[in-house]
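J.: One structure, pasted below without further comment.
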Amino acid sequence: MSNLKLLSVFFLFLVLPSLGAAQTETSADLFKQGTQFYVAKDYAKAKESFSKALQNDPHNATVLTNLALSEFQLGNKPLAVGLLRKALDSEPELSTAVAGLKFVLSQMQVKEVPHQIETYETLRKNLLQPVPLTAYLILSTLLFFVAGWLLLGYAGARRRALNEETALPRFPTVAVILTLGFVIFTGLLGLKIYDLSVTRGTIIEEKVALQTAPGENQVSILDLFGGMEVVAHTTQGDWVQVTYPGSLTGWIKKSSLLLTR
């Protein structure tokens with residue numbers, strides 16, 4: 001068995017137990033069927049079963065991951081990338097989706113177009129995407145209370161020392177560091193909330209022309225390639241306005257884009 005098939009089966013058996021009891025019986029049955037078809041290398045039927053299971057829970061990261069693997073086996077690599085990104089948007093820490101996305105991208109030759117590397121996009125890739133919103137919320141709240149308690153204790157000790165004319169307490173280095181951490185994580189929390197408000201999608205065709213306006217036979221600005229992630233803006237009929245981060249804004253057909261958020 002090739003490394004690709006071994007890795008695919010490995011993913012499937014890892015994610016199968018994570019389909020919680022909260023799923024309906026029908027969804028669980030469809031998921032089981034899809035897994036059986038996949039192991040039997042009937043990827044078209046596996047795709048069909050996983051797609052039906054997804055109808056009951058469109059944001060189920062486990063089902064999205066397995067559907068992505070089926071699409072990959074059928075040769076639809078850009079679509080597999082989009083589905084895996086959608087899975088990670090629902091569950092950023094799902095290890096099978098993280099590994100799956102890395103693997104699928106390694107099997108593609110994702111072309112680049114001229115663009116500027118934006119600081120925000122780098123920050124998003126390294127700090128915002130991999131971390132759930134709740135993690136930043138919990139850390140910010142925890143740092144707020146601990147730093148506040150230490151600073152209040154220092155302020156009280158300093159006041160007593162001044163009143164009693166005794167030596168002042170040590171400078172609260174730990175409290176200052178924790179306060180700085182609170183400011184940083186609160187800033188990241190704000191950026192995470194903003195990032196969640198931005199609609200993004202993945203190009204799911206091998207190549208699509210970015211046009212200056214919606215409609216057929218408009219002026220083409222540049223070509224976007226399968227697997228690229230873009231920011232989606234407004235829609236007009238069968239067309240959607242998108243921006244490739246650090247590059248240009250234009251229009252593509254909605255059928256060329258899978259919204260991942």
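Labeling convention for the structure tokens: chains A, B, ... as they appear, residues from 1 per chain, ligands from 1 in order of appearance.
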Just the residues within 10 Å of A:Gly237, please, counting only C-alpha atoms, with nothing from its chain fewer than 4 positions along; format it as a ChimeraX atom specification.

T.: /A:214-215,253-254

J.: Give me the stretch 50-149 of chain A side of the contact with stretch 174-184 of chain A, cut-off 7 Å, one line per residue showing its nearest atom pair and distance in Å at one decimal, counting only C-alpha atoms, sorted by chain and residue number, as a Markdown table.

T.:
```
| residue | atom | partner | partner_atom | distance |
| --- | --- | --- | --- | --- |
| A:Ser140 | CA | A:Phe182 | CA | 5.4 |
| A:Leu143 | CA | A:Phe182 | CA | 5.3 |
| A:Phe144 | CA | A:Phe182 | CA | 6.0 |
| A:Ala147 | CA | A:Ala175 | CA | 5.0 |
```

J.: Selection from above, N, CA and C atoms, as a CSV table (one decimal), in the first residue's frame, can you write it?

T.:
```
chain,number,residue,atom,x,y,z
A,140,SER,N,-6.8,35.9,28.6
A,140,SER,CA,-7.0,37.3,28.9
A,140,SER,C,-7.7,37.5,30.3
A,143,LEU,N,-5.2,36.4,33.2
A,143,LEU,CA,-4.2,37.4,33.4
A,143,LEU,C,-4.7,38.6,34.0
A,144,PHE,N,-5.9,39.0,33.6
A,144,PHE,CA,-6.6,40.2,34.2
A,144,PHE,C,-6.7,40.1,35.7
A,147,ALA,N,-3.0,39.6,37.6
A,147,ALA,CA,-2.3,40.8,37.6
A,147,ALA,C,-3.0,41.9,38.4
```

J.: With a distance cut-off of 12 Å and only C-alpha atoms, select the neighbouring residues of A:Ala46, excluding the residue or stretch itself and same-chain residues fewer than 4 positions from it, and output the selection as an NGL selection string.

T.: :A and (12 or 30-42 or 50-53 or 63 or 66-74)

J.: Between A:Leu88, A:Ile252, A:Val240, A:Met108, single out the one closest to A:Pro130, counting only C-alpha atoms.

T.: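 Nearest to A:Pro130: A:Leu88.
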
J.: Can you measure atom CA of A:Leu139 to atom CA of A:Gly187 for me? One decimal in Å is fine.

T.: 11.7 Å

J.: Between A:Asp29, A:Pro169, A:Ser255, A:Gly75, which residue has the minimum interatomic distance to A:Leu151, considering only C-alpha atoms?

T.: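 The shortest atom-to-atom distance to A:Leu151 comes from A:Pro169.
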
J.: Neighbours of A:Thr249 within 10 Å (only C-alpha atoms; same-chain residues fewer than 4 positions away dropped), as a list in words?

T.: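 Non-adjacent residues within range: Leu210, Gln211, Thr212, Ala213, Ile221, Leu222, Val230, Val231, Ala232, His233, Gln241, Val242, Thr243, Tyr244 and Pro245 of chain A.
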
J.: Would you mind reading off the distance between atom CA of A:Val146 and atom CA of A:Arg159, one decimal, in Å?

T.: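 Those two atoms sit 20.1 Å apart.
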
J.: For the structure I just gave you, how does DSSP split stretch 77-243 of chain A - specifically, which residues are strand (DSSP E)? Reply as a PyMOL selection string.

T.: chain A and resi 200-203+207-211+220-225+229-236+239-243

J.: Could you please determine the separation between atom CA of A:Gly227 and atom CA of A:Ala99 in Å, to one decimal place?

T.: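 Calculated distance between atom CA of A:Gly227 and atom CA of A:Ala99 is 15.8 Å.
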
J.: If we count only C-alpha atoms and set the cut-off at 8 Å, which residues sit around stretch 123-127 of chain A, ignoring sequence neighbours fewer than 4 positions away in its own chain? Please answer as a ChimeraX atom specification.

T.: /A:119,131,195

J.: Based on the selection just made, write N, CA, C and O atoms of those residues as a PDB file, in the first residue's frame.

T.:
```pdb
ATOM      1  N   THR A 119       1.756  42.037   7.198  1.00  0.00           N
ATOM      2  CA  THR A 119       2.035  41.681   8.591  1.00  0.00           C
ATOM      3  C   THR A 119       0.839  40.989   9.225  1.00  0.00           C
ATOM      4  O   THR A 119       0.982  39.996   9.944  1.00  0.00           O
ATOM      5  N   VAL A 131      -5.320  29.067  17.019  1.00  0.00           N
ATOM      6  CA  VAL A 131      -5.771  29.171  18.408  1.00  0.00           C
ATOM      7  C   VAL A 131      -7.264  29.494  18.462  1.00  0.00           C
ATOM      8  O   VAL A 131      -7.708  30.468  17.840  1.00  0.00           O
ATOM      9  N   ASP A 195     -10.958  38.811  12.940  1.00  0.00           N
ATOM     10  CA  ASP A 195     -10.679  37.818  11.898  1.00  0.00           C
ATOM     11  C   ASP A 195     -11.885  36.918  11.659  1.00  0.00           C
ATOM     12  O   ASP A 195     -12.159  36.528  10.522  1.00  0.00           O
TER      13      ASP A 195
END
```
